[in-house]
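The structure under discussion appears below in the form of structure tokens.
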Amino acid sequence: SPSSSTRRSALKRIVGEAGLASLILPALTANADDGDLTSQLFNADGSLKEGQVLEEAKSRTVATTFPGGSGDSTPGKKALVSVDGAAAAPAGEGGSAAVKVSYELPEKWGDASTGYLDKSEGVNAKSAERITTFQLAGPAEVKTLDKASTIGVAKALGIQTLPEYNPSILKADLISGRRSNRDGITYYEYDLAVAPASCASGSKEDLGLGFCPYDSIVLLSAAVVDGRMYGIMVECDRDEWKKGNADLKRVRSSFRVDAELELLNK
């Protein structure tokens, strides 16, 4: 079957840019004024849409610490992760130094145990699958992130070294990327669209083209601080994206890494 890097171009050749939007993600049953998922996902130029923010969103901070130091360059060494805000490493690992990472969750979301249930306006629906922050094991360089679109975003960010991850992410399509500088640190953001390995023949997801449309979105941000790479991965399915893409993108873009700091001895 075609590789993920050719899925978008193959569709584009067959149906053209205008028709591409109607095929990438199948429309969901919705009210007439909701629009389909693709129109919520893509601008005309193929980039992901920014959500409309009508008022300042209230949020709460989720923070965790990773051990400081230069890291372990042993081949095959796994990254340290914090899934949904859980502790990233045993107390005391990494000596007295630590690096704090954080992100902001919408106040209207419940905690991870509820699937980040959106409690606003009677929605009561899941907002995300999971949110993972991570620290790669060995030393890292900013130039790796600069080349991510060439070598592959998942590879550049070391997703395959996370203890648990969705293997489909390794073949996801890069939809857009951007770079920004906040508090002296350069953050790289990537929007990935993931297609399932297979879809039932004759289903609305089966386009008869030898591959399936996208069914989930992965939002990533990463930075190299003091020679180590830190990142966040926000995963959602198409229902969650349709309902709350603006909130999901704000979570990703709120990712921050604090330079190494000394912990007080207790």
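Quick note on naming: the chains in the structure tokens go A, B, ... in the order shown, residues restart at 1 in each chain, and ligands are numbered from 1 in order of appearance.
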Please identify all polymer residues within 9 Å of Thr65 in chain A, counting only C-alpha atoms, omitting same-chain residues fewer than 6 positions from it, and present them as a PDB file with N, CA, C and O atoms, in the first residue's frame.
```
ATOM      1  N   SER A  82       5.759  11.359  31.079  1.00  0.00           N
ATOM      2  CA  SER A  82       4.690  11.643  32.030  1.00  0.00           C
ATOM      3  C   SER A  82       3.395  11.614  31.237  1.00  0.00           C
ATOM      4  O   SER A  82       3.193  12.434  30.344  1.00  0.00           O
ATOM      5  N   ALA A  87       3.763  11.289  37.605  1.00  0.00           N
ATOM      6  CA  ALA A  87       5.182  11.497  37.877  1.00  0.00           C
ATOM      7  C   ALA A  87       6.027  10.859  36.783  1.00  0.00           C
ATOM      8  O   ALA A  87       5.744   9.759  36.301  1.00  0.00           O
ATOM      9  N   ALA A  88       7.098  11.552  36.380  1.00  0.00           N
ATOM     10  CA  ALA A  88       7.909  11.096  35.254  1.00  0.00           C
ATOM     11  C   ALA A  88       9.040  10.177  35.662  1.00  0.00           C
ATOM     12  O   ALA A  88       9.484   9.358  34.871  1.00  0.00           O
ATOM     13  N   ALA A  89       9.554  10.292  36.870  1.00  0.00           N
ATOM     14  CA  ALA A  89      10.710   9.502  37.274  1.00  0.00           C
ATOM     15  C   ALA A  89      10.687   9.295  38.782  1.00  0.00           C
ATOM     16  O   ALA A  89      10.100  10.095  39.514  1.00  0.00           O
ATOM     17  N   ALA A  98      16.862  19.338  38.349  1.00  0.00           N
ATOM     18  CA  ALA A  98      15.633  18.904  37.679  1.00  0.00           C
ATOM     19  C   ALA A  98      15.219  19.958  36.668  1.00  0.00           C
ATOM     20  O   ALA A  98      15.605  21.124  36.757  1.00  0.00           O
ATOM     21  N   VAL A  99      14.432  19.531  35.700  1.00  0.00           N
ATOM     22  CA  VAL A  99      13.862  20.425  34.696  1.00  0.00           C
ATOM     23  C   VAL A  99      12.346  20.290  34.764  1.00  0.00           C
ATOM     24  O   VAL A  99      11.811  19.177  34.728  1.00  0.00           O
ATOM     25  N   LYS A 100      11.675  21.409  34.887  1.00  0.00           N
ATOM     26  CA  LYS A 100      10.208  21.385  34.977  1.00  0.00           C
ATOM     27  C   LYS A 100       9.599  21.635  33.610  1.00  0.00           C
ATOM     28  O   LYS A 100      10.009  22.549  32.892  1.00  0.00           O
ATOM     29  N   VAL A 101       8.623  20.804  33.253  1.00  0.00           N
ATOM     30  CA  VAL A 101       7.834  21.051  32.048  1.00  0.00           C
ATOM     31  C   VAL A 101       6.385  21.235  32.471  1.00  0.00           C
ATOM     32  O   VAL A 101       5.945  20.684  33.486  1.00  0.00           O
ATOM     33  N   SER A 102       5.635  22.002  31.693  1.00  0.00           N
ATOM     34  CA  SER A 102       4.249  22.275  32.064  1.00  0.00           C
ATOM     35  C   SER A 102       3.410  22.552  30.828  1.00  0.00           C
ATOM     36  O   SER A 102       3.936  22.839  29.748  1.00  0.00           O
TER      37      SER A 102
END
```
(message) What's around range 161-165 of chain A at 12 Å? Count only C-alpha atoms, leave out sequence neighbours fewer than 5 positions away in its own chain, and write the answer as a ChimeraX atom specification.
(response) /A:75-83,88,129-138,154-156,170,218,230-235
(message) My list of candidates is A:Leu157, A:Ala86, A:Val257, A:Ile175. Which is closest to Ala193 in chain A when distances are computed with only C-alpha atoms?
(response)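 Between A:Leu157, A:Ala86, A:Val257, A:Ile175, the residue approaching Ala193 in chain A most closely is A:Ile175.
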(message) With distances taken over only C-alpha atoms, which residue among A:Phe66, A:Tyr188, A:Tyr103, A:Tyr116 lies nearest Gly244 in chain A?
(response)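 Selected residue with least distance to Gly244 in chain A: A:Tyr116.
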(message) Could you go through range 128-178 of chain A and tell me which residues DSSP, when run on the backbone, assigns to strand (DSSP E or B), listing them as a PyMOL selection string?
(response) chain A and resi 130-135+173-178
Write the selection just made, keeping C-alpha atoms, as a PDB file, in the first residue's frame?
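Resulting contents of part-v8.pdb:
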```pdb
ATOM      1  CA  ARG A 130      -4.115  11.283  26.295  1.00  0.00           C
ATOM      2  CA  ILE A 131      -1.454  13.924  26.808  1.00  0.00           C
ATOM      3  CA  THR A 132       2.159  12.834  27.103  1.00  0.00           C
ATOM      4  CA  THR A 133       5.195  14.907  28.021  1.00  0.00           C
ATOM      5  CA  PHE A 134       8.608  13.369  27.559  1.00  0.00           C
ATOM      6  CA  GLN A 135      12.354  13.759  27.874  1.00  0.00           C
ATOM      7  CA  ASP A 173       1.333  12.600   7.583  1.00  0.00           C
ATOM      8  CA  LEU A 174       2.754  16.000   8.456  1.00  0.00           C
ATOM      9  CA  ILE A 175       0.017  18.571   7.815  1.00  0.00           C
ATOM     10  CA  SER A 176       1.764  21.670   9.086  1.00  0.00           C
ATOM     11  CA  GLY A 177       4.644  22.872  11.230  1.00  0.00           C
ATOM     12  CA  ARG A 178       5.746  26.097  12.815  1.00  0.00           C
TER      13      ARG A 178
END
```
(request) Using only C-alpha atoms, find the one residue out of A:Ala140, A:Leu219, A:Ile151, A:Ala97 that sits nearest to Ala246 in chain A. (result)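 So, comparing all the options, the nearest one is A:Leu219.
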(request) Please indicate the distance in Å from CA of Ala128 in chain A to CA of Trp241 in chain A, rounded to one decimal place. (result)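 A separation of 8.1 Å between them.
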(request) Run DSSP on the backbone of this structure and report the residues of range 105-193 of chain A it assigns to alpha helix (DSSP H), as a ChimeraX atom specification. (result) /A:142-146,148-151,153-156
May I have the selected residues written with N, CA and C atoms, as a PDB file, in the first residue's frame?
```
ATOM      1  N   VAL A 142      19.326  21.128  18.363  1.00  0.00           N
ATOM      2  CA  VAL A 142      18.213  21.837  17.752  1.00  0.00           C
ATOM      3  C   VAL A 142      18.106  21.508  16.263  1.00  0.00           C
ATOM      4  N   LYS A 143      19.232  21.266  15.598  1.00  0.00           N
ATOM      5  CA  LYS A 143      19.186  21.013  14.157  1.00  0.00           C
ATOM      6  C   LYS A 143      18.347  19.776  13.817  1.00  0.00           C
ATOM      7  N   THR A 144      18.196  18.857  14.776  1.00  0.00           N
ATOM      8  CA  THR A 144      17.344  17.689  14.541  1.00  0.00           C
ATOM      9  C   THR A 144      15.902  18.121  14.327  1.00  0.00           C
ATOM     10  N   LEU A 145      15.442  19.095  15.108  1.00  0.00           N
ATOM     11  CA  LEU A 145      14.083  19.600  14.954  1.00  0.00           C
ATOM     12  C   LEU A 145      13.944  20.422  13.679  1.00  0.00           C
ATOM     13  N   ASP A 146      15.004  21.114  13.281  1.00  0.00           N
ATOM     14  CA  ASP A 146      14.973  21.875  12.035  1.00  0.00           C
ATOM     15  C   ASP A 146      14.770  20.961  10.834  1.00  0.00           C
ATOM     16  N   ALA A 148      13.143  18.036  10.880  1.00  0.00           N
ATOM     17  CA  ALA A 148      12.087  17.064  11.163  1.00  0.00           C
ATOM     18  C   ALA A 148      11.217  16.762   9.947  1.00  0.00           C
ATOM     19  N   SER A 149      10.921  17.771   9.147  1.00  0.00           N
ATOM     20  CA  SER A 149      10.055  17.531   7.993  1.00  0.00           C
ATOM     21  C   SER A 149      10.741  16.668   6.946  1.00  0.00           C
ATOM     22  N   THR A 150      12.079  16.607   6.990  1.00  0.00           N
ATOM     23  CA  THR A 150      12.837  15.806   6.033  1.00  0.00           C
ATOM     24  C   THR A 150      13.057  14.386   6.534  1.00  0.00           C
ATOM     25  N   ILE A 151      13.453  14.261   7.790  1.00  0.00           N
ATOM     26  CA  ILE A 151      13.770  12.930   8.324  1.00  0.00           C
ATOM     27  C   ILE A 151      12.556  12.239   8.934  1.00  0.00           C
ATOM     28  N   VAL A 153       8.913  13.531  11.380  1.00  0.00           N
ATOM     29  CA  VAL A 153       8.671  14.160  12.678  1.00  0.00           C
ATOM     30  C   VAL A 153       8.783  13.161  13.818  1.00  0.00           C
ATOM     31  N   ALA A 154       8.161  11.995  13.669  1.00  0.00           N
ATOM     32  CA  ALA A 154       8.189  11.003  14.744  1.00  0.00           C
ATOM     33  C   ALA A 154       9.618  10.575  15.051  1.00  0.00           C
ATOM     34  N   LYS A 155      10.418  10.395  14.018  1.00  0.00           N
ATOM     35  CA  LYS A 155      11.818  10.004  14.220  1.00  0.00           C
ATOM     36  C   LYS A 155      12.604  11.124  14.888  1.00  0.00           C
ATOM     37  N   ALA A 156      12.421  12.341  14.413  1.00  0.00           N
ATOM     38  CA  ALA A 156      13.155  13.479  14.964  1.00  0.00           C
ATOM     39  C   ALA A 156      12.850  13.680  16.439  1.00  0.00           C
TER      40      ALA A 156
END
```
(message) Just checking: using only C-alpha atoms, which residue out of A:Ala112, A:Cys212, A:Ala195, A:Ala259 ends up closest to Arg228 in chain A?
(response)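 Smallest distance to Arg228 in chain A is found for A:Ala259.
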(message) Taking 5 positions as the minimum chain separation for residues in the same chain, which residues sit within 12 Å of Asn181 in chain A when counting only C-alpha atoms? Answer as a PyMOL selection string.
(response) chain A and resi 186-189+222-224+253+255-257
